[in-house]
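K.L.:
Before we start, here is the structure in question, set down as structure tokens.
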Protein chains: 4
Amino acid sequence: MKLIQDPIHGLLKIDDWMIKIIDTQEFQRLRRISQIGFANLVFPGANHTRFEHSLGVMEVARKLVERMDVDECERMEILASALLHDIAHTPFSHCGEVIVKDYLGLNHENVEVVLKRGEIKDVLSELGISLRKIKDLVSGKSCNVVKGDIDADRIDYLIRDSHYTGVAHGLFDAQRLINKTKFVDKKMMIEAGGLRSAESLLISRFLMHTTVYHHHVCRIARKMFEKAVRFCIEEGNLNPRDLFHMDDWNLMTFLRSQEGYPKEISEMLMKRRLFKRALYVEMERVNIEDEADKIEREIAEVSGVDEVWIAVDIPKQIEGEEFGAMVLLNDEVKRLDEVSSLVKALKDAERKSLKVGVYTPKEHVDKVRKVAMSYFKVS
Amino acid sequence: MKLIQDPIHGLLKIDDWMIKIIDTQEFQRLRRISQIGFANLVFPGANHTRFEHSLGVMEVARKLVERMDVDECERMEILASALLHDIAHTPFSHCGEVIVKDYLGLNHENVEVVLKRGEIKDVLSELGISLRKIKDLVSGKSCNVVKGDIDADRIDYLIRDSHYTGVAHGLFDAQRLINKTKFVDKKMMIEAGGLRSAESLLISRFLMHTTVYHHHVCRIARKMFEKAVRFCIEEGNLNPRDLFHMDDWNLMTFLRSQEGYPKEISEMLMKRRLFKRALYVEMERVNIEDEADKIEREIAEVSGVDEVWIAVDIPKQIEGEEFGAMVLLNDEVKRLDEVSSLVKALKDAERKSLKVGVYTPKEHVDKVRKVAMSYFKVS
Amino acid sequence: MKLIQDPIHGLLKIDDWMIKIIDTQEFQRLRRISQIGFANLVFPGANHTRFEHSLGVMEVARKLVERMDVDECERMEILASALLHDIAHTPFSHCGEVIVKDYLGLNHENVEVVLKRGEIKDVLSELGISLRKIKDLVSGKSCNVVKGDIDADRIDYLIRDSHYTGVAHGLFDAQRLINKTKFVDKKMMIEAGGLRSAESLLISRFLMHTTVYHHHVCRIARKMFEKAVRFCIEEGNLNPRDLFHMDDWNLMTFLRSQEGYPKEISEMLMKRRLFKRALYVEMERVNIEDEADKIEREIAEVSGVDEVWIAVDIPKQIEGEEFGAMVLLNDEVKRLDEVSSLVKALKDAERKSLKVGVYTPKEHVDKVRKVAMSYFKVS
Amino acid sequence: MKLIQDPIHGLLKIDDWMIKIIDTQEFQRLRRISQIGFANLVFPGANHTRFEHSLGVMEVARKLVERMDVDECERMEILASALLHDIAHTPFSHCGEVIVKDYLGLNHENVEVVLKRGEIKDVLSELGISLRKIKDLVSGKSCNVVKGDIDADRIDYLIRDSHYTGVAHGLFDAQRLINKTKFVDKKMMIEAGGLRSAESLLISRFLMHTTVYHHHVCRIARKMFEKAVRFCIEEGNLNPRDLFHMDDWNLMTFLRSQEGYPKEISEMLMKRRLFKRALYVEMERVNIEDEADKIEREIAEVSGVDEVWIAVDIPKQIEGEEFGAMVLLNDEVKRLDEVSSLVKALKDAERKSLKVGVYTPKEHVDKVRKVAMSYFKVS
């Protein structure tokens with residue numbers, strides 16, 4: 001057994017078989033994938049990576065699994081899944097994800113993209129862990145420890161992101177929450193004594209979303225990055241599948257080495273010269289998440305500003321199903337949003353509205369604003 | 001200037017004139033008034049006192065006042081009020097308060113009970129601080145720094161109570177909140193950038209109430225204490241007015257020195273032999289807060305258990321007006337519960353229902369339960 | 001099993017048999033014995049008690065015992081000793097200890113004074129734990145987990161005192177230290193990887209001593225308290241043996257209820273009107289720890305100030321044997337002060353010198369200073 | 001004024017003129033220079049950068065400067081120097097520094113290499129800050145706030161490195177230390193009340209050096225990196241002067257894009273396939289720091305292993321002059337190591353000995369060990 005020092009959970013206990021996974025080049029790559037993309041442009045401490053987060057999720061899962069009735073083989077599968085649940089993240093984590101989604105129909109839960117070849121494939125096969133089992137665990141199909149409503153992933157990332165951003169909102173009572181879970185047929189339930197901690201986690205998530213993850217600077221940087229990467233793909237200079245094997249460092253260096261638009265954009269990101277806001281409009285939450293491209297094109301056409309310099313940002317709704325964590329009250333299983341009026345309220349709060357932003361370099365702001373205001377019928 | 005080390009705010013800067021207030025015997029008495037009464041029976045670390053809390057409120061107020069346009073005299077009045085806002089707390093803080101309320105029509109905001117005599121009177125007069133000004137500041141009439149919807153008092157006690165109980169719920173981003181206040185005509189407003197921190201404070205307060213302040217063990221201990229003190233008053237052995245000058249130590253020693261009921265009860269408290277729960281019933285929030293005595297008498301009569309051994313606990317509603325903090329959005333002043341759906345939801349969550357508890361020593365539980373169930377029509 | 005929330009170690013796991021010990025009135029009394037006496041006169045947050053410290057020591061011991069090869073019975077003895085190691089502390093912890101030492105030849109390690117009667121005696125006998133075993137464990141005779149050079153007691157109190165005073169010096173890497181211990185024949189050894197943490201603990205102890213425990217205000221308050229208690233004993237109003245059953249609250253209330261000197265002194269303590277320093281002189285460490293009384297008498301005689309108003313404070317040396325923790329380097333057992341030049345240096349630093357203080361009420365300072373200067377040959 | 005959230009110091013107050021400096025591309029580059037090089041290979045949380053550290057040093061300096069008697073112009077110079085003191089760090093901070101030292105005779109204090117051209121040059125000239133002034137402040141010549149024995153740089157990095165590594169050793173009482181400084185003729189002195197905090201800082205530094213900065217894994221990774229970079233320079237593929245403008249990301253991507261040795265080594269670093277230890281020998285501290293190359297050559301020759309695969313690591317002594325911080329005791333100025341026996345001891349502890357490591361890929365370990373043992377006369 002090995003000990004690794006983690007600022008969040010203290011000394012992590014790493015079994016020998018885990019070291020084999022950690023030592024693969026696929027896992028080591030996570031050292032260079034930032035956990036929350038460009039958030040460090042706003043919160044300079046937020047340089048943490050998917051590597052340490054993955055270790056942390058394993059640690060939380062380890063504590064949860066102690067409370068389950070599992071054999072050594074199932075334990076290994078769950079903990080391996082905890083370690084590997086983010087192995088298919090692309091550079092800058094969620095920032096690149098929309099791209100592989102569009103081009104390949106894949107997201108970071110498609111761990112098979114990475115796991116079915118290379119060193120990691122050999123290690124999993126040596127350990128006798130089947131890819132199918134891992135897929136089911138990572139997607140929350142067979143058990144909700146790694147992915148569920150309240151899961152090891154969320155418990156780790158909220159506290160970790162708080163520690164590195166310095167934003168207190170992510171703090172909640174993880175130890176109590178973990179100690180108040182009960183497993184019924186391998187399904188995780190929250191006992192009455194953990195209700196407040198569960199509420200607290202969901203509120204943390206809500207506040208961290210609005211304060212950090214959806215901070216407008218993070219969103220515009222992400223949009224700029226995305227447009228540069230798409231440009232390279234469209235020009236045939238980058239295979240979207242390679243994103244699963246690149247890291248922040250070499251993708252960004254690649255962009256800087258290109259000619260024209262990608263170079264310009266990536267240099268702007270490196271120097272923190274971001275697009276400025278031309279319009280910020282609150283609207284009813286309607287189904288326009290996927291129309292950003294179309295809107296960019298239309299504004300470009302009317303304003304005369306080249307489409308590559310216009311970024312329309314439409315935040316996705318935070319997934320509603322997360323409120324369905326199961327609670328065990330007087331031997332009855334209930335949904336968290338049934339028993340907690342606070343969680344119910346939170347759910348409603350999230351649904352209400354969205355804010356669309358239109359961004360462009362400083363020099364085009366006036367032109368773009370005028371067209372965007374007309375497009376969104378803002379006066 | 002003197003520096004005092006505080007575990008919450010670090011080094012507190014104490015002006016020379018403040019030392020004069022702190023050095024009075026009235027202020028020093030706060031060293032022996034526990035901040036959250038009998039909460040240490042559940043949270044063994046919660047031994048903190050009104051003394052350190054008062055220093056902490058002054059520190060938060062000092063930071064807020066830096067943001068106001070006040071002259072040195074007003075500054076002194078506000079900071080003196082921050083220091084003195086709890087000077088009229090009775091032993092075990094809120095635990096004894098209901099008694100002075102009933103007998104004397106006073107509560108801890110009636111600071112004049114303590115301030116208009118003794119050393120503190122002389123010091124205030126020497127400093128040229130008028131009692132009237134302090135009263136208005138302590139009650140939030142003239143300015144909402146010390147007492148308001150979101151005020152120095154709450155900012156301090158939530159974080160402090162978290163630190164000492166170990167319950168994470170009280171943590172929120174105080175520094176950001178303070179830095180995002182703006183004073184308009186000496187009224188404190190929250191700017192847009194502080195909205196999340198303000199929400200976070202209110203949620204903290206809600207979670208701390210349900211987890212710590214209203215913990216059923218704290219409530220039953222408080223009820224036992226209250227009954228013992230009332231008994232002494234009724235028997236003519238204690239003048240309720242003396243409670244403003246006694247502390248936890250000598251009041252409890254006094255109770256232990258009495259004959260009969262108060263001695264028995266106080267020894268039970270000292271040994272943590274608490275009444276057991278005979279009934280716990282959730283009901284619509286109706287106006288029965290003041291009927292505990294009457295209910296106790298009725299249950300006593302029917303069950304044959306002496307009234308002194310029956311404790312009916314009806315929690316008060318957390319005051320609703322706290323959600324009215326003013327927010328400054330695009331130069332418009334709004335109420336927090338207007339702009340935050342989360343706070344609105346919280347408000348509703350708090351109103352919904354209350355839980356009445358009936359407690360009695362172990363040996364009477366069966367008898368009392370039967371009668372109480374019938375009284376509250378529970379089957 | 002029960003969970004108790006502790007601000008230092010998080011959720012403490014309390015076995016059912018432990019609850020029986022904790023629920024005795026002897027153990028509950030520790031709730032009213034402050035951990036570091038009058039230190040809260042300087043550090044207002046330092047209101048923590050021997051109760052929570054005892055739980056904390058048990059928690060650290062629990063983690064250490066997991067690393068030992070012991071049967072369930074030995075485990076129980078060690079953990080019971082951890083819980084009970086401070087059961088014979090007198091009010092204000094070390095402040096009253098010198099008195100029971102002088103009058104009865106006892107100190108807080110004489111746990112038998114408390115354990116061989118009352119509820120606790122019955123519980124221990126019910127649990128089958130022998131008093132002899134506890135004595136040997138508490139005094140470090142049979143095993144160095146509870147008391148040793150680096151032990152559960154110290155690991156808990158340094159971090160705990162830091163948390164409550166706000167002084168950072170007590171922080172060190174307890175988790176690593178615990179994880180780098182190895183037990184050889186039930187003797188605790190530090191492995192190479194824990195060397196830095198062990199050094200760090202000893203330095204913490206040194207810095208906490210000079211900053212907190214030996215702070216001159218704490219020392220003078222302690223001296224005043226001690227003189228008042230001795231006075232009551234000498235006058236026949238207090239049996240020194242009762243100190244093992246009293247707590248801070250009722251002893252202080254007792255002193256305040258006395259006539260004359262004890263009343264005056266205790267009121268001074270309650271109002272923080274402390275003796276002022278008449279002289280502070282650094283001298284070679286010679287064996288004068290026990291001569292304070294004699295010196296007080298002599299200064300009184302010459303100065304004409306009544307002896308009760310003169311306090312001579314001679315700090316005891318921090319015990320040197322603490323540096324002898326055993327370290328396991330390349331399979332060899334060495335003493336910590338052999339392998340660590342830092343620890344060796346620390347040892348020397350502590351030995352060098354002591355500072356004697358002479359204190360008296362403000363109005364006598366001049367008279368007392370003159371005589372004291374001449375006594376100590378200071379010009 | 002702008003607020004930036006920092007996990008160490010909370011909200012940083014950034015004056016408008018500072019934003020101009022921060023917004024230059026030279027300063028933004030620090031976002032991609034890791035603070036402690038390859039330490040994240042051991043402490044996965046240690047991904048923090050020179051960017052946030054530089055902001056932190058400015059914050060500490062800002063608090064110190066408040067205690068000085070300076071005009072607005074001097075204040076600006078000091079704070080600009082705090083911001084810019086690490087502007088000439090090369091990728092992976094100290095890891096590349098020995099190279100620019102060898103080839104160009106420069107180190108990271110030669111800030112002029114970066115400051116006398118580009119955007120930063122224009123900003124400094126616009127702000128009227130002379131390069132000479134900055135050089136003198138960064139090197140500690142004109143004032144010891146930014147660089148001295150106890151300075152803003154050290155105060156920030158120790159706490160920051162603790163936060164991100166999770167190693168408690170770097171924690172000390174920074175607030176007290178800062179509040180107990182006094183400036184005499186712009187020279188920073190520590191007052192008596194800050195003595196313990198100053199000791200504590202030096203001990204922190206010592207423990208962090210042995211635990212983190214000199215951790216053998218960090219050292220071997222550094223050595224591997226250094227050898228790869230030197231190889232590129234020797235082959236004419238890299239101009240050492242470019243290191244002042246590259247960052248971790250593009251330098252590492254550059255190395256991976258090379259042929260042969262640099263590619264191999266950098267891939268090993270990325271996959272954490274490090275050289276293994278062939279020998280670790282403790283020896284008297286003699287002056288062999290600069291002989292690593294020579295020793296490598298000699299071992300290569302005798303063992304037949306190519307020199308590029310042999311790494312001899314000889315740690316530099318921690319600079320002794322750091323113990324000379326000035327202390328103000330009873331109006332006399334003394335050196336810290338004169339008045340503190342602990343610091344004196346620390347100084348001696350550091351001097352005593354050094355440990356030389358010889359590393360090579362696994363497959364050569366046996367061959368290299370044999371030769372190295374003979375070279376260092378170890379049996």
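Residue numbering restarts at 1 for every chain of the structure tokens, chains are lettered A, B, ... in their displayed order, and ligands are numbered from 1 as they appear.
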If we count only C-alpha atoms, which residues of chain C reach to within 10 Å of chain A? Please list them as a list in words.
P.N.:
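In the required form, that comes to Leu3, Gln5, Gly10, Leu11, Asp173, Gln175, Arg176 and Asn179 of chain C.
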K.L.:
Apply DSSP to the structure's backbone, then extract all residues of stretch 176-375 of chain B labelled alpha helix (DSSP H) and return them as a compact mmCIF listing (two decimals) with N, CA and C atoms, in the first residue's frame.
P.N.:
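Once written, part-v7.txt looks like this:
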# COMPACT_ATOMS: atom_id res chain seq x y z
N ARG B 176 -16.46 38.19 1.14
CA ARG B 176 -17.07 38.71 -0.08
C ARG B 176 -18.34 39.49 0.26
N LEU B 177 -19.14 38.92 1.15
CA LEU B 177 -20.38 39.59 1.55
C LEU B 177 -20.07 41.01 2.06
N ILE B 178 -19.11 41.08 2.97
CA ILE B 178 -18.75 42.39 3.54
C ILE B 178 -18.25 43.33 2.45
N ASN B 179 -17.47 42.80 1.52
CA ASN B 179 -16.91 43.64 0.47
C ASN B 179 -17.92 44.00 -0.62
N LEU B 195 -24.76 38.84 -3.94
CA LEU B 195 -26.05 38.15 -3.86
C LEU B 195 -25.90 36.69 -3.42
N ARG B 196 -24.95 36.00 -4.06
CA ARG B 196 -24.76 34.58 -3.72
C ARG B 196 -24.30 34.43 -2.27
N SER B 197 -23.46 35.32 -1.81
CA SER B 197 -22.98 35.23 -0.43
C SER B 197 -24.12 35.49 0.54
N ALA B 198 -25.01 36.40 0.17
CA ALA B 198 -26.15 36.68 1.03
C ALA B 198 -27.09 35.49 1.09
N GLU B 199 -27.37 34.91 -0.07
CA GLU B 199 -28.18 33.69 -0.09
C GLU B 199 -27.53 32.63 0.79
N SER B 200 -26.25 32.52 0.63
CA SER B 200 -25.49 31.51 1.34
C SER B 200 -25.59 31.71 2.86
N LEU B 201 -25.55 32.95 3.30
CA LEU B 201 -25.69 33.23 4.73
C LEU B 201 -27.05 32.78 5.22
N LEU B 202 -28.09 33.08 4.47
CA LEU B 202 -29.44 32.71 4.92
C LEU B 202 -29.62 31.19 4.96
N ILE B 203 -29.02 30.53 3.99
CA ILE B 203 -29.09 29.07 3.99
C ILE B 203 -28.32 28.51 5.18
N SER B 204 -27.16 29.08 5.44
CA SER B 204 -26.37 28.67 6.61
C SER B 204 -27.20 28.79 7.87
N ARG B 205 -27.87 29.92 7.99
CA ARG B 205 -28.68 30.15 9.18
C ARG B 205 -29.77 29.09 9.30
N PHE B 206 -30.41 28.79 8.19
CA PHE B 206 -31.45 27.77 8.19
C PHE B 206 -30.89 26.41 8.61
N LEU B 207 -29.77 26.05 8.02
CA LEU B 207 -29.20 24.73 8.32
C LEU B 207 -28.66 24.66 9.75
N MET B 208 -28.08 25.74 10.22
CA MET B 208 -27.60 25.75 11.60
C MET B 208 -28.76 25.67 12.58
N HIS B 216 -32.87 18.56 19.18
CA HIS B 216 -33.83 18.24 20.24
C HIS B 216 -33.17 18.10 21.61
N VAL B 217 -31.91 17.68 21.66
CA VAL B 217 -31.25 17.57 22.97
C VAL B 217 -31.01 18.96 23.57
N CYS B 218 -30.62 19.89 22.73
CA CYS B 218 -30.45 21.26 23.22
C CYS B 218 -31.78 21.79 23.76
N ARG B 219 -32.83 21.47 23.04
CA ARG B 219 -34.14 22.02 23.41
C ARG B 219 -34.65 21.41 24.71
N ILE B 220 -34.42 20.13 24.88
CA ILE B 220 -34.94 19.53 26.11
C ILE B 220 -34.11 20.01 27.33
N ALA B 221 -32.79 20.15 27.14
CA ALA B 221 -31.95 20.64 28.24
C ALA B 221 -32.40 22.05 28.63
N ARG B 222 -32.64 22.83 27.63
CA ARG B 222 -33.09 24.21 27.83
C ARG B 222 -34.40 24.26 28.59
N LYS B 223 -35.29 23.38 28.21
CA LYS B 223 -36.60 23.33 28.85
C LYS B 223 -36.46 22.92 30.32
N MET B 224 -35.61 21.95 30.60
CA MET B 224 -35.38 21.51 31.98
C MET B 224 -34.82 22.66 32.82
N PHE B 225 -33.82 23.32 32.25
CA PHE B 225 -33.21 24.46 32.93
C PHE B 225 -34.25 25.54 33.23
N GLU B 226 -35.04 25.83 32.24
CA GLU B 226 -36.06 26.88 32.36
C GLU B 226 -37.04 26.54 33.49
N LYS B 227 -37.44 25.29 33.54
CA LYS B 227 -38.40 24.88 34.56
C LYS B 227 -37.80 25.00 35.96
N ALA B 228 -36.51 24.68 36.09
CA ALA B 228 -35.86 24.78 37.40
C ALA B 228 -35.77 26.23 37.84
N VAL B 229 -35.42 27.10 36.90
CA VAL B 229 -35.29 28.52 37.25
C VAL B 229 -36.65 29.11 37.62
N ARG B 230 -37.66 28.80 36.85
CA ARG B 230 -39.01 29.29 37.15
C ARG B 230 -39.46 28.83 38.54
N PHE B 231 -39.13 27.61 38.84
CA PHE B 231 -39.49 27.05 40.13
C PHE B 231 -38.90 27.91 41.26
N CYS B 232 -37.63 28.24 41.12
CA CYS B 232 -36.98 29.07 42.14
C CYS B 232 -37.64 30.43 42.25
N ILE B 233 -38.00 30.99 41.12
CA ILE B 233 -38.65 32.30 41.13
C ILE B 233 -40.01 32.20 41.81
N GLU B 234 -40.76 31.20 41.40
CA GLU B 234 -42.10 31.03 41.97
C GLU B 234 -42.04 30.82 43.49
N ASP B 248 -23.47 31.71 33.88
CA ASP B 248 -23.73 30.27 33.85
C ASP B 248 -23.23 29.59 35.12
N TRP B 249 -22.03 30.02 35.56
CA TRP B 249 -21.37 29.34 36.65
C TRP B 249 -22.11 29.51 37.97
N ASN B 250 -22.42 30.75 38.31
CA ASN B 250 -23.02 30.90 39.63
C ASN B 250 -24.52 30.61 39.63
N LEU B 251 -25.18 30.76 38.48
CA LEU B 251 -26.58 30.36 38.46
C LEU B 251 -26.69 28.84 38.62
N MET B 252 -25.86 28.13 37.89
CA MET B 252 -25.94 26.67 37.98
C MET B 252 -25.53 26.19 39.38
N THR B 253 -24.51 26.83 39.95
CA THR B 253 -24.11 26.45 41.31
C THR B 253 -25.22 26.78 42.30
N PHE B 254 -25.90 27.89 42.07
CA PHE B 254 -27.05 28.25 42.90
C PHE B 254 -28.14 27.16 42.83
N LEU B 255 -28.47 26.75 41.61
CA LEU B 255 -29.51 25.73 41.44
C LEU B 255 -29.13 24.44 42.16
N ARG B 256 -27.86 24.08 42.04
CA ARG B 256 -27.40 22.84 42.67
C ARG B 256 -27.43 22.95 44.20
N SER B 257 -27.40 24.17 44.71
CA SER B 257 -27.38 24.36 46.16
C SER B 257 -28.79 24.41 46.75
N GLY B 260 -34.61 20.17 46.80
CA GLY B 260 -35.71 19.66 45.98
C GLY B 260 -35.55 19.78 44.49
N TYR B 261 -36.61 20.18 43.84
CA TYR B 261 -36.70 20.15 42.39
C TYR B 261 -35.52 20.81 41.67
N PRO B 262 -35.19 22.08 41.98
CA PRO B 262 -34.10 22.72 41.23
C PRO B 262 -32.79 21.96 41.39
N LYS B 263 -32.53 21.45 42.59
CA LYS B 263 -31.31 20.68 42.80
C LYS B 263 -31.32 19.43 41.93
N GLU B 264 -32.44 18.73 41.96
CA GLU B 264 -32.53 17.50 41.18
C GLU B 264 -32.32 17.74 39.69
N ILE B 265 -33.04 18.75 39.19
CA ILE B 265 -32.94 19.05 37.77
C ILE B 265 -31.53 19.48 37.38
N SER B 266 -30.93 20.35 38.20
CA SER B 266 -29.61 20.85 37.81
C SER B 266 -28.58 19.72 37.90
N GLU B 267 -28.73 18.83 38.87
CA GLU B 267 -27.80 17.69 38.90
C GLU B 267 -28.00 16.82 37.65
N MET B 268 -29.25 16.66 37.26
CA MET B 268 -29.51 15.89 36.03
C MET B 268 -28.82 16.54 34.82
N LEU B 269 -28.90 17.86 34.75
CA LEU B 269 -28.25 18.56 33.65
C LEU B 269 -26.73 18.38 33.71
N MET B 270 -26.19 18.49 34.93
CA MET B 270 -24.73 18.37 35.08
C MET B 270 -24.25 16.97 34.69
N ALA B 292 -47.35 26.09 25.99
CA ALA B 292 -46.62 24.94 26.54
C ALA B 292 -47.03 24.69 28.00
N ASP B 293 -47.08 25.75 28.78
CA ASP B 293 -47.43 25.62 30.21
C ASP B 293 -48.79 24.97 30.40
N LYS B 294 -49.71 25.48 29.65
CA LYS B 294 -51.08 24.99 29.77
C LYS B 294 -51.12 23.49 29.42
N ILE B 295 -50.45 23.15 28.35
CA ILE B 295 -50.45 21.75 27.92
C ILE B 295 -49.80 20.87 28.98
N GLU B 296 -48.68 21.36 29.53
CA GLU B 296 -48.01 20.60 30.59
C GLU B 296 -48.99 20.33 31.74
N ARG B 297 -49.69 21.34 32.12
CA ARG B 297 -50.64 21.19 33.24
C ARG B 297 -51.71 20.16 32.92
N GLU B 298 -52.21 20.24 31.71
CA GLU B 298 -53.28 19.31 31.34
C GLU B 298 -52.78 17.87 31.31
N ILE B 299 -51.59 17.68 30.73
CA ILE B 299 -51.06 16.31 30.69
C ILE B 299 -50.80 15.81 32.11
N ALA B 300 -50.29 16.71 32.96
CA ALA B 300 -50.00 16.33 34.34
C ALA B 300 -51.27 15.86 35.03
N GLU B 301 -52.29 16.63 34.84
CA GLU B 301 -53.54 16.33 35.51
C GLU B 301 -54.05 14.94 35.14
N VAL B 302 -54.08 14.67 33.86
CA VAL B 302 -54.64 13.40 33.40
C VAL B 302 -53.71 12.22 33.71
N SER B 303 -52.37 12.44 33.54
CA SER B 303 -51.45 11.32 33.68
C SER B 303 -51.10 11.03 35.14
N LEU B 336 -34.35 41.04 -0.82
CA LEU B 336 -33.64 39.81 -1.20
C LEU B 336 -34.61 38.72 -1.63
N ASP B 337 -35.76 38.62 -0.93
CA ASP B 337 -36.67 37.53 -1.29
C ASP B 337 -37.46 37.81 -2.57
N GLU B 338 -37.33 39.02 -3.06
CA GLU B 338 -37.91 39.31 -4.38
C GLU B 338 -36.99 38.83 -5.49
N VAL B 339 -35.68 39.02 -5.29
CA VAL B 339 -34.75 38.73 -6.38
C VAL B 339 -34.18 37.32 -6.32
N SER B 341 -34.93 33.44 -5.85
CA SER B 341 -35.95 32.42 -5.70
C SER B 341 -35.54 31.43 -4.62
N LEU B 342 -34.25 31.33 -4.39
CA LEU B 342 -33.77 30.43 -3.35
C LEU B 342 -34.20 30.93 -1.97
N VAL B 343 -34.06 32.23 -1.75
CA VAL B 343 -34.43 32.80 -0.46
C VAL B 343 -35.94 32.75 -0.27
N LYS B 344 -36.65 32.99 -1.34
CA LYS B 344 -38.10 32.90 -1.27
C LYS B 344 -38.50 31.48 -0.84
N ALA B 345 -37.83 30.52 -1.44
CA ALA B 345 -38.13 29.12 -1.13
C ALA B 345 -37.81 28.81 0.33
N LEU B 346 -36.72 29.34 0.79
CA LEU B 346 -36.26 29.12 2.15
C LEU B 346 -37.31 29.62 3.13
N LYS B 347 -37.83 30.78 2.81
CA LYS B 347 -38.85 31.43 3.63
C LYS B 347 -40.06 30.50 3.76
N ASP B 348 -40.46 29.95 2.64
CA ASP B 348 -41.61 29.04 2.66
C ASP B 348 -41.26 27.78 3.44
N ALA B 349 -40.03 27.28 3.22
CA ALA B 349 -39.61 26.05 3.89
C ALA B 349 -39.70 26.22 5.40
N GLU B 350 -39.36 27.38 5.89
CA GLU B 350 -39.34 27.60 7.32
C GLU B 350 -40.73 27.70 7.93
N ARG B 351 -41.65 28.18 7.13
CA ARG B 351 -42.98 28.48 7.67
C ARG B 351 -43.82 27.23 7.89
N VAL B 365 -42.20 7.94 31.10
CA VAL B 365 -42.42 8.08 29.67
C VAL B 365 -43.73 7.42 29.22
N ASP B 366 -43.97 6.20 29.68
CA ASP B 366 -45.16 5.49 29.20
C ASP B 366 -46.45 6.23 29.54
N LYS B 367 -46.55 6.59 30.80
CA LYS B 367 -47.76 7.29 31.24
C LYS B 367 -47.97 8.60 30.48
N VAL B 368 -46.89 9.36 30.38
CA VAL B 368 -47.00 10.67 29.73
C VAL B 368 -47.31 10.52 28.24
N ARG B 369 -46.68 9.53 27.63
CA ARG B 369 -46.90 9.35 26.19
C ARG B 369 -48.38 9.12 25.89
N LYS B 370 -48.97 8.22 26.68
CA LYS B 370 -50.37 7.89 26.44
C LYS B 370 -51.25 9.15 26.46
N VAL B 371 -51.08 9.93 27.51
CA VAL B 371 -51.90 11.12 27.65
C VAL B 371 -51.60 12.15 26.55
N ALA B 372 -50.30 12.30 26.26
CA ALA B 372 -49.92 13.29 25.25
C ALA B 372 -50.48 12.91 23.88
N MET B 373 -50.43 11.62 23.57
CA MET B 373 -50.95 11.17 22.29
C MET B 373 -52.43 11.50 22.16
N SER B 374 -53.09 11.31 23.23
CA SER B 374 -54.52 11.61 23.20
C SER B 374 -54.74 13.12 23.12
N TYR B 375 -53.92 13.88 23.84
CA TYR B 375 -54.05 15.34 23.79
C TYR B 375 -53.85 15.85 22.37
K.L.:
Compile the contact shell of A:Phe92 as a ChimeraX atom specification: residues with an atom at most 10 Å away, counting only C-alpha atoms, same-chain residues fewer than 3 positions apart removed.
P.N.:
/A:32-39,49-50,89,95-97,222,225,247-249,251-252
K.L.:
Which residue is closest to B:Ile99? Choose from B:Val308, B:Leu243, B:Val42, B:Val356 and count only C-alpha atoms.
P.N.:
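Closest residue, counting only C-alpha atoms: B:Leu243.
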